[in-house]
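*Asks:* Structure file coords.tsv, TSV, C-alpha atoms and all ligand atoms, is pasted below:
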```tsv
chain	number	residue	atom	x	y	z
A	10	MET	CA	-47.07	-13.68	-21.83
A	11	TYR	CA	-48.96	-13.48	-24.95
A	12	TRP	CA	-51.55	-15.89	-26.28
A	13	THR	CA	-53.74	-16.99	-29.17
A	14	GLU	CA	-56.54	-19.55	-29.60
A	15	VAL	CA	-55.69	-22.93	-31.15
A	16	LEU	CA	-58.24	-25.76	-31.63
A	17	GLY	CA	-60.43	-24.28	-28.90
A	18	TYR	CA	-57.70	-23.66	-26.29
A	19	PRO	CA	-55.73	-20.56	-25.38
A	20	MET	CA	-52.11	-21.21	-26.31
A	21	PRO	CA	-49.00	-19.10	-25.75
A	22	LYS	CA	-47.75	-17.30	-28.85
A	23	PRO	CA	-44.56	-18.90	-30.15
A	24	ILE	CA	-42.09	-16.07	-29.53
A	25	GLY	CA	-39.03	-18.13	-28.58
A	26	GLY	CA	-37.50	-18.57	-32.03
A	27	HIS	CA	-37.10	-22.34	-31.42
A	28	PRO	CA	-39.70	-25.00	-30.50
A	29	ALA	CA	-37.67	-26.03	-27.44
A	30	LEU	CA	-37.93	-22.46	-26.13
A	31	ASP	CA	-41.62	-22.23	-27.02
A	32	PHE	CA	-41.99	-25.42	-24.98
A	33	CYS	CA	-40.47	-23.69	-21.91
A	34	ASP	CA	-42.84	-20.79	-22.61
A	35	THR	CA	-45.87	-23.01	-21.95
A	36	TYR	CA	-45.38	-21.94	-18.33
A	37	ALA	CA	-45.28	-18.37	-17.03
A	38	GLY	CA	-44.07	-17.16	-13.66
A	39	TRP	CA	-40.76	-19.03	-13.65
A	40	GLY	CA	-38.87	-18.54	-10.41
A	41	GLY	CA	-41.91	-17.26	-8.48
A	42	PRO	CA	-45.00	-18.74	-6.82
A	43	ALA	CA	-47.42	-20.67	-9.10
A	44	LEU	CA	-49.71	-18.21	-10.86
A	45	PRO	CA	-53.36	-18.74	-11.75
A	46	GLY	CA	-53.27	-19.30	-15.51
A	47	GLY	CA	-49.48	-19.69	-15.58
A	48	GLU	CA	-49.72	-23.33	-16.67
A	49	TRP	CA	-50.74	-23.67	-20.33
A	50	LEU	CA	-50.29	-27.45	-20.34
A	51	ALA	CA	-53.09	-27.97	-17.84
A	52	ASP	CA	-53.97	-31.44	-19.17
A	53	TYR	CA	-52.78	-33.97	-21.74
A	54	ASP	CA	-55.27	-32.78	-24.35
A	55	ARG	CA	-53.74	-29.30	-24.24
A	56	LEU	CA	-50.28	-30.84	-24.52
A	57	VAL	CA	-51.32	-32.47	-27.81
A	58	VAL	CA	-52.81	-29.21	-29.11
A	59	TRP	CA	-49.67	-27.31	-28.12
A	60	THR	CA	-47.48	-29.90	-29.89
A	61	VAL	CA	-49.48	-29.21	-33.08
A	62	HIS	CA	-49.26	-25.44	-32.49
A	63	SER	CA	-45.47	-25.66	-32.14
A	64	GLY	CA	-45.10	-27.49	-35.44
A	65	LEU	CA	-43.76	-30.64	-33.74
A	66	LEU	CA	-46.85	-32.77	-34.56
A	67	PRO	CA	-48.90	-32.73	-37.79
A	68	VAL	CA	-52.52	-31.84	-37.08
A	69	GLU	CA	-53.74	-35.11	-38.66
A	70	ASP	CA	-51.78	-37.07	-36.04
A	71	SER	CA	-53.37	-35.21	-33.14
A	72	GLN	CA	-56.91	-36.63	-33.13
A	73	PRO	CA	-55.94	-40.32	-32.71
A	74	LEU	CA	-53.65	-39.28	-29.85
A	75	ARG	CA	-56.38	-37.23	-28.16
A	76	THR	CA	-58.81	-40.15	-28.46
A	77	LEU	CA	-56.23	-42.54	-26.98
A	78	ALA	CA	-55.58	-40.18	-24.05
A	79	GLU	CA	-59.32	-39.98	-23.35
A	80	ARG	CA	-59.44	-43.77	-23.05
A	81	ARG	CA	-56.22	-44.02	-21.02
A	82	GLY	CA	-56.54	-41.20	-18.50
A	83	ALA	CA	-54.04	-42.40	-15.87
A	84	PRO	CA	-51.11	-43.10	-18.22
A	85	ALA	CA	-51.84	-39.79	-20.02
A	86	ALA	CA	-51.65	-37.93	-16.68
A	87	ARG	CA	-48.32	-39.63	-15.88
A	88	GLU	CA	-47.05	-38.68	-19.31
A	89	LEU	CA	-48.04	-35.05	-18.71
A	90	ASP	CA	-46.06	-35.12	-15.42
A	91	ALA	CA	-43.01	-36.43	-17.29
A	92	VAL	CA	-43.38	-33.65	-19.88
A	93	ARG	CA	-43.51	-30.97	-17.19
A	94	ARG	CA	-40.46	-32.49	-15.48
A	95	LEU	CA	-38.58	-32.32	-18.78
A	96	ARG	CA	-39.72	-28.71	-19.20
A	97	SER	CA	-38.41	-27.65	-15.76
A	98	ALA	CA	-35.09	-29.41	-16.35
A	99	LEU	CA	-34.71	-27.86	-19.80
A	100	TYR	CA	-35.52	-24.39	-18.49
A	101	ALA	CA	-32.94	-24.79	-15.69
A	102	VAL	CA	-30.18	-26.08	-17.94
A	103	LEU	CA	-30.71	-23.37	-20.56
A	104	LEU	CA	-30.15	-20.64	-17.96
A	105	GLU	CA	-27.62	-22.47	-15.82
A	106	PRO	CA	-25.25	-24.66	-17.86
A	107	ALA	CA	-23.56	-25.91	-14.65
A	108	ASP	CA	-26.83	-27.54	-13.50
A	109	THR	CA	-25.70	-31.10	-14.19
A	110	ALA	CA	-28.71	-32.73	-12.50
A	111	SER	CA	-31.08	-30.94	-14.91
A	112	PHE	CA	-28.80	-31.71	-17.84
A	113	ALA	CA	-28.94	-35.42	-16.94
A	114	ILE	CA	-32.78	-35.34	-17.04
A	115	VAL	CA	-32.85	-33.64	-20.46
A	116	ALA	CA	-30.12	-35.96	-21.78
A	117	GLY	CA	-32.03	-39.05	-20.62
A	118	GLU	CA	-35.15	-37.92	-22.45
A	119	ALA	CA	-33.17	-36.92	-25.56
A	120	GLU	CA	-31.47	-40.31	-25.65
A	121	GLN	CA	-34.85	-42.07	-25.45
A	122	ALA	CA	-35.99	-39.94	-28.38
A	123	ALA	CA	-32.82	-40.70	-30.34
A	124	ALA	CA	-33.33	-44.42	-29.80
A	125	ARG	CA	-36.81	-44.15	-31.34
A	126	ALA	CA	-35.86	-41.86	-34.24
A	127	GLU	CA	-35.83	-43.05	-37.84
A	128	LEU	CA	-33.85	-41.62	-40.75
A	129	VAL	CA	-36.12	-40.73	-43.67
A	130	ALA	CA	-35.61	-38.76	-46.89
A	131	ASP	CA	-37.77	-36.24	-48.72
A	132	ALA	CA	-38.41	-36.34	-52.51
A	133	ASP	CA	-35.05	-34.64	-53.19
A	134	GLY	CA	-33.19	-37.20	-51.12
A	135	VAL	CA	-32.48	-34.82	-48.25
A	136	ALA	CA	-32.49	-37.01	-45.17
A	137	PHE	CA	-33.59	-36.10	-41.67
A	138	TRP	CA	-34.26	-37.82	-38.36
A	139	ARG	CA	-37.79	-37.97	-37.07
A	140	ILE	CA	-39.83	-39.63	-34.36
A	141	PRO	CA	-42.31	-41.95	-36.15
A	142	SER	CA	-45.96	-40.88	-36.09
A	143	THR	CA	-47.20	-43.82	-34.06
A	144	VAL	CA	-50.24	-43.35	-31.85
A	145	GLU	CA	-48.49	-43.56	-28.49
A	146	LEU	CA	-48.80	-41.25	-25.51
A	147	ASP	CA	-45.09	-40.52	-25.35
A	148	VAL	CA	-44.86	-39.07	-28.88
A	149	PRO	CA	-45.26	-35.40	-27.78
A	150	ARG	CA	-42.56	-35.85	-25.11
A	151	LEU	CA	-40.15	-37.56	-27.50
A	152	ARG	CA	-40.64	-34.85	-30.14
A	153	VAL	CA	-40.02	-32.11	-27.61
A	154	ALA	CA	-36.96	-33.94	-26.24
A	155	ARG	CA	-35.58	-34.16	-29.76
A	156	ALA	CA	-36.09	-30.42	-30.30
A	157	ALA	CA	-34.40	-29.74	-26.94
A	158	ALA	CA	-31.37	-31.82	-27.92
A	159	GLU	CA	-31.17	-29.99	-31.26
A	160	LEU	CA	-31.05	-26.63	-29.51
A	161	LEU	CA	-28.49	-27.80	-26.92
A	162	CYS	CA	-26.26	-29.07	-29.74
A	163	SER	CA	-26.55	-25.83	-31.73
A	164	PRO	CA	-24.47	-22.63	-31.42
A	165	GLU	CA	-27.79	-20.79	-30.97
A	166	ARG	CA	-27.88	-22.26	-27.49
A	167	ALA	CA	-25.60	-19.38	-26.39
A	168	LEU	CA	-28.23	-16.84	-27.49
A	169	VAL	CA	-30.96	-17.96	-25.08
A	170	ARG	CA	-32.25	-15.17	-22.79
A	171	ALA	CA	-35.07	-14.98	-20.25
A	172	CYS	CA	-37.64	-12.20	-20.15
A	173	PRO	CA	-37.21	-10.24	-16.89
A	174	GLY	CA	-40.94	-9.35	-16.88
A	175	GLU	CA	-42.79	-9.92	-13.63
A	176	GLU	CA	-44.67	-13.23	-13.66
A	177	CYS	CA	-43.01	-14.18	-16.94
A	178	GLY	CA	-39.52	-15.64	-17.39
A	179	TRP	CA	-40.20	-16.76	-20.96
A	180	LEU	CA	-37.17	-17.79	-23.01
A	181	PHE	CA	-36.21	-16.58	-26.47
A	182	LEU	CA	-33.23	-16.37	-28.84
A	183	ASP	CA	-31.60	-12.96	-28.80
A	184	ARG	CA	-30.07	-13.12	-32.27
A	185	ARG	CA	-29.06	-9.45	-32.49
A	186	GLY	CA	-28.04	-8.96	-28.88
A	187	ARG	CA	-30.73	-6.33	-28.31
A	188	ARG	CA	-33.82	-8.16	-27.23
A	189	ARG	CA	-34.83	-7.77	-23.61
A	190	TRP	CA	-38.52	-8.75	-23.44
A	191	CYS	CA	-40.59	-11.74	-24.58
A	192	SER	CA	-42.74	-9.21	-26.44
A	193	MET	CA	-43.02	-5.44	-26.50
A	194	ALA	CA	-46.82	-5.83	-26.53
A	195	THR	CA	-46.88	-7.38	-23.05
A	196	CYS	CA	-43.87	-7.34	-20.69
A	197	GLY	CA	-42.02	-4.60	-22.61
A	198	ASN	CA	-45.06	-2.36	-22.52
A	199	ARG	CA	-45.73	-2.99	-18.84
A	200	ALA	CA	-42.15	-1.99	-18.03
A	201	LYS	CA	-42.52	1.18	-20.14
A	202	VAL	CA	-45.72	2.13	-18.30
A	203	ARG	CA	-44.06	1.50	-14.94
A	204	ALA	CA	-41.03	3.61	-15.87
A	205	PHE	CA	-43.34	6.42	-17.04
A	206	GLU	CA	-45.31	6.34	-13.75
A	207	GLU	CA	-42.05	6.38	-11.81
A	208	ARG	CA	-40.89	9.49	-13.70
A	209	GLN	CA	-44.26	11.19	-13.09
A	210	ARG	CA	-44.03	10.48	-9.38
A	211	ARG	CA	-40.54	11.92	-9.18
A	212	GLY	CA	-41.13	15.01	-11.02
A	301	ZN	ZN	-42.19	-11.56	-20.65
```
Re-express the file's structure as structure tokens.
Ligand SMILES: [Zn+2]

*Replies:*
Amino acid sequence: MYWTEVLGYPMPKPIGGHPALDFCDTYAGWGGPALPGGEWLADYDRLVVWTVHSGLLPVEDSQPLRTLAERRGAPAARELDAVRRLRSALYAVLLEPADTASFAIVAGEAEQAAARAELVADADGVAFWRIPSTVELDVPRLRVARAAAELLCSPERALVRACPGEECGWLFLDRRGRRRWCSMATCGNRAKVRAFEERQRRG
């Protein structure tokens, strides 16, 4: 894991190569016991800040959402639970395509997002689907679900790998077939140090 500060919070560096993978990388220690500091989306406010950090939400849309969440604490907490459930299901399905229960969770969320999407065009007439920037607590989840569906529909989906680093498990696209670690600066370096110590011990 590897982090930077965004709007006053520590946030994981986007190393995944796709926002849906960076979303999975808001948790570290996949497959092991819960780690102190392994959860980057510790509250709804951090979820909004991460959604800005990932490029899925314009920064000007974040403040009204943060204010709304402050006023509506219980629904915001439920929304955060739903986001984490989507994250676990997405992580599972990306590594295990036969996990149909997880696929059904991701598909349900993606279909909700599709039902809310609107088709808009830029100044050159190039059209794209987007989730409208309404001030509603489910906007971060719908935007993430849309990004997840995009990745699952894309050939890049076959390039998803998980970092084997201890207490990590972050996902990334391995475009050249040579990437093993989330980052050489963290997990890759730790493995190098361990291998060096092992060699020293042996000889
Ligand atoms: Zn790692």

*Asks:* Residues of chain A that approach ligand ZN 301 (chain A) to 9 Å or less, counting all atoms listed in the file: could you list each one with the shortest pair of atoms and its distance in Å to one decimal, rows by chain and increasing residue number, as a Markdown table?

*Replies:*
```
| residue | atom | partner | partner_atom | distance |
| --- | --- | --- | --- | --- |
| A:Met10 | CA | A:ZN301 | ZN | 5.4 |
| A:Tyr11 | CA | A:ZN301 | ZN | 8.2 |
| A:Ala37 | CA | A:ZN301 | ZN | 8.3 |
| A:Ala171 | CA | A:ZN301 | ZN | 7.9 |
| A:Cys172 | CA | A:ZN301 | ZN | 4.6 |
| A:Pro173 | CA | A:ZN301 | ZN | 6.4 |
| A:Gly174 | CA | A:ZN301 | ZN | 4.5 |
| A:Glu175 | CA | A:ZN301 | ZN | 7.2 |
| A:Glu176 | CA | A:ZN301 | ZN | 7.6 |
| A:Cys177 | CA | A:ZN301 | ZN | 4.6 |
| A:Gly178 | CA | A:ZN301 | ZN | 5.9 |
| A:Trp179 | CA | A:ZN301 | ZN | 5.6 |
| A:Leu180 | CA | A:ZN301 | ZN | 8.3 |
| A:Arg189 | CA | A:ZN301 | ZN | 8.8 |
| A:Trp190 | CA | A:ZN301 | ZN | 5.4 |
| A:Cys191 | CA | A:ZN301 | ZN | 4.2 |
| A:Ser192 | CA | A:ZN301 | ZN | 6.3 |
| A:Met193 | CA | A:ZN301 | ZN | 8.5 |
| A:Thr195 | CA | A:ZN301 | ZN | 6.7 |
| A:Cys196 | CA | A:ZN301 | ZN | 4.5 |
| A:Gly197 | CA | A:ZN301 | ZN | 7.2 |
```

*Asks:* Write out the residues from the selection above, keeping C-alpha atoms, as a short mmCIF file (atom, residue, chain, number, x, y, z; two decimals), in the frame of the given file.

*Replies:*
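See result05.cif below for the written result:
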```cif
data_model
loop_
_atom_site.label_atom_id
_atom_site.label_comp_id
_atom_site.auth_asym_id
_atom_site.auth_seq_id
_atom_site.Cartn_x
_atom_site.Cartn_y
_atom_site.Cartn_z
CA MET A 10 -47.07 -13.68 -21.83
CA TYR A 11 -48.96 -13.48 -24.95
CA ALA A 37 -45.28 -18.37 -17.03
CA ALA A 171 -35.07 -14.98 -20.25
CA CYS A 172 -37.64 -12.20 -20.15
CA PRO A 173 -37.21 -10.24 -16.89
CA GLY A 174 -40.94 -9.35 -16.88
CA GLU A 175 -42.79 -9.92 -13.63
CA GLU A 176 -44.67 -13.23 -13.66
CA CYS A 177 -43.01 -14.18 -16.94
CA GLY A 178 -39.52 -15.64 -17.39
CA TRP A 179 -40.20 -16.76 -20.96
CA LEU A 180 -37.17 -17.79 -23.01
CA ARG A 189 -34.83 -7.77 -23.61
CA TRP A 190 -38.52 -8.75 -23.44
CA CYS A 191 -40.59 -11.74 -24.58
CA SER A 192 -42.74 -9.21 -26.44
CA MET A 193 -43.02 -5.44 -26.50
CA THR A 195 -46.88 -7.38 -23.05
CA CYS A 196 -43.87 -7.34 -20.69
CA GLY A 197 -42.02 -4.60 -22.61
#
```

*Asks:* With a distance cut-off of 12 Å and only C-alpha atoms, select the neighbouring residues of Arg187 in chain A, excluding the residue or stretch itself and same-chain residues fewer than 6 positions from it, and output the selection as an MDAnalysis selection string.

*Replies:* chainID A and resid 168 170 181

*Asks:* Residues near Glu159 in chain A, anyone? I mean within 12 Å using all atoms listed in the file, not counting same-chain ones fewer than 5 positions away, as a list in words.

*Replies:*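 With the cut-off at 12 Å, the set is His27, Pro28, Ala29, Leu30, Val115, Ala116, Ala119, Glu120, Ala122, Ala123, Trp138, Arg139, Arg152, Val153, Ala154, Pro164, Glu165 and Arg166 of chain A.
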
*Asks:* Compare A:Ala110, A:Ala194, A:Leu66, A:Ala86 by their minimum atom-to-atom distance to Ile140 in chain A, counting all atoms listed in the file, and give me the closest one.

*Replies:*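 The answer is A:Leu66, which sits nearest to Ile140 in chain A.
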
*Asks:* In Å, with one decimal, what is the gap from CA of Ala113 in chain A to CA of Cys162 in chain A?

*Replies:*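 Distance reported for this atom pair: 14.5 Å.
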
*Asks:* Record the distance separating CA of Glu88 in chain A and CA of Lys22 in chain A, expressed in Å with one decimal.

*Replies:*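 Going from CA of Glu88 in chain A over to CA of Lys22 in chain A, I get 23.4 Å.
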
*Asks:* Quote the spacing between CA of Leu65 in chain A and CA of Gly40 in chain A in Å to one decimal place.

*Replies:*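 Straight-line distance from CA of Leu65 in chain A to CA of Gly40 in chain A works out to 26.7 Å.
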
*Asks:* Using only C-alpha atoms for the distances, tell me which of A:Ala130, A:Leu44, A:Val169, A:Val135 is nearest to Asp31 in chain A.

*Replies:*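 Looking at the shortest contact to Asp31 in chain A, the residue is A:Val169.
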
*Asks:* Which one is closest to Glu69 in chain A: A:Ile24, A:Leu50, A:Ala101, A:Val144? Count all atoms listed in the file.

*Replies:* A:Val144

*Asks:* List every protein, DNA or RNA residue with an atom no more than 10 Å from (-51.3, -36.6, -33.0) in the file's coordinates, counting all atoms listed in the file, and format the result as a list in words.

*Replies:* Val57, Val58, Thr60, Val61, Leu65, Leu66, Pro67, Val68, Glu69, Asp70, Ser71, Gln72, Pro73, Leu74, Arg75, Thr76, Leu77, Ser142, Thr143, Val144, Glu145, Leu146, Val148 and Pro149 of chain A

*Asks:* Compare A:Gly212, A:Gly25, A:Pro84, A:Pro45 by their minimum atom-to-atom distance to Arg188 in chain A, counting all atoms listed in the file, and give me the closest one.

*Replies:* A:Gly25

*Asks:* My list of candidates is A:Gly41, A:Ala136, A:Ala107, A:Leu182. Which is closest to Pro23 in chain A when distances are computed with all atoms listed in the file?

*Replies:*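 Nearest to Pro23 in chain A: A:Leu182.
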
*Asks:* List as a list in words the residues having at least one atom at most 6 Å from position (-48.9, -18.5, -20.5) as given in the file, counting all atoms listed in the file.

*Replies:*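 Protein, DNA and RNA residues close to (-48.9, -18.5, -20.5): Met10, Pro21, Thr35, Tyr36, Ala37, Gly47 and Trp49 of chain A.
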
*Asks:* Smallest atom-to-atom distance to Arg80 in chain A: which of A:Ala157, A:Trp59, A:Tyr53, A:Gly46, using all atoms listed in the file?

*Replies:*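 With all atoms listed in the file as the atom set, the closest residue is A:Tyr53.
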
*Asks:* Find the spatial neighbours of Tyr100 in chain A, counting all atoms listed in the file, within a cut-off of 9 Å - ignore same-chain residues fewer than 5 positions away - and output them as a PyMOL selection string.

*Replies:* chain A and resi 30+33+39+95+105+111+180

*Asks:* Include C-alpha atoms and write out the residues we just selected as a PDB file, keeping the file's coordinate frame.

*Replies:*
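New file again-v2.pdb:
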```pdb
ATOM      1  CA  LEU A  30     -37.930 -22.460 -26.130  1.00  0.00           C
ATOM      2  CA  CYS A  33     -40.470 -23.690 -21.910  1.00  0.00           C
ATOM      3  CA  TRP A  39     -40.760 -19.030 -13.650  1.00  0.00           C
ATOM      4  CA  LEU A  95     -38.580 -32.320 -18.780  1.00  0.00           C
ATOM      5  CA  GLU A 105     -27.620 -22.470 -15.820  1.00  0.00           C
ATOM      6  CA  SER A 111     -31.080 -30.940 -14.910  1.00  0.00           C
ATOM      7  CA  LEU A 180     -37.170 -17.790 -23.010  1.00  0.00           C
TER       8      LEU A 180
END
```
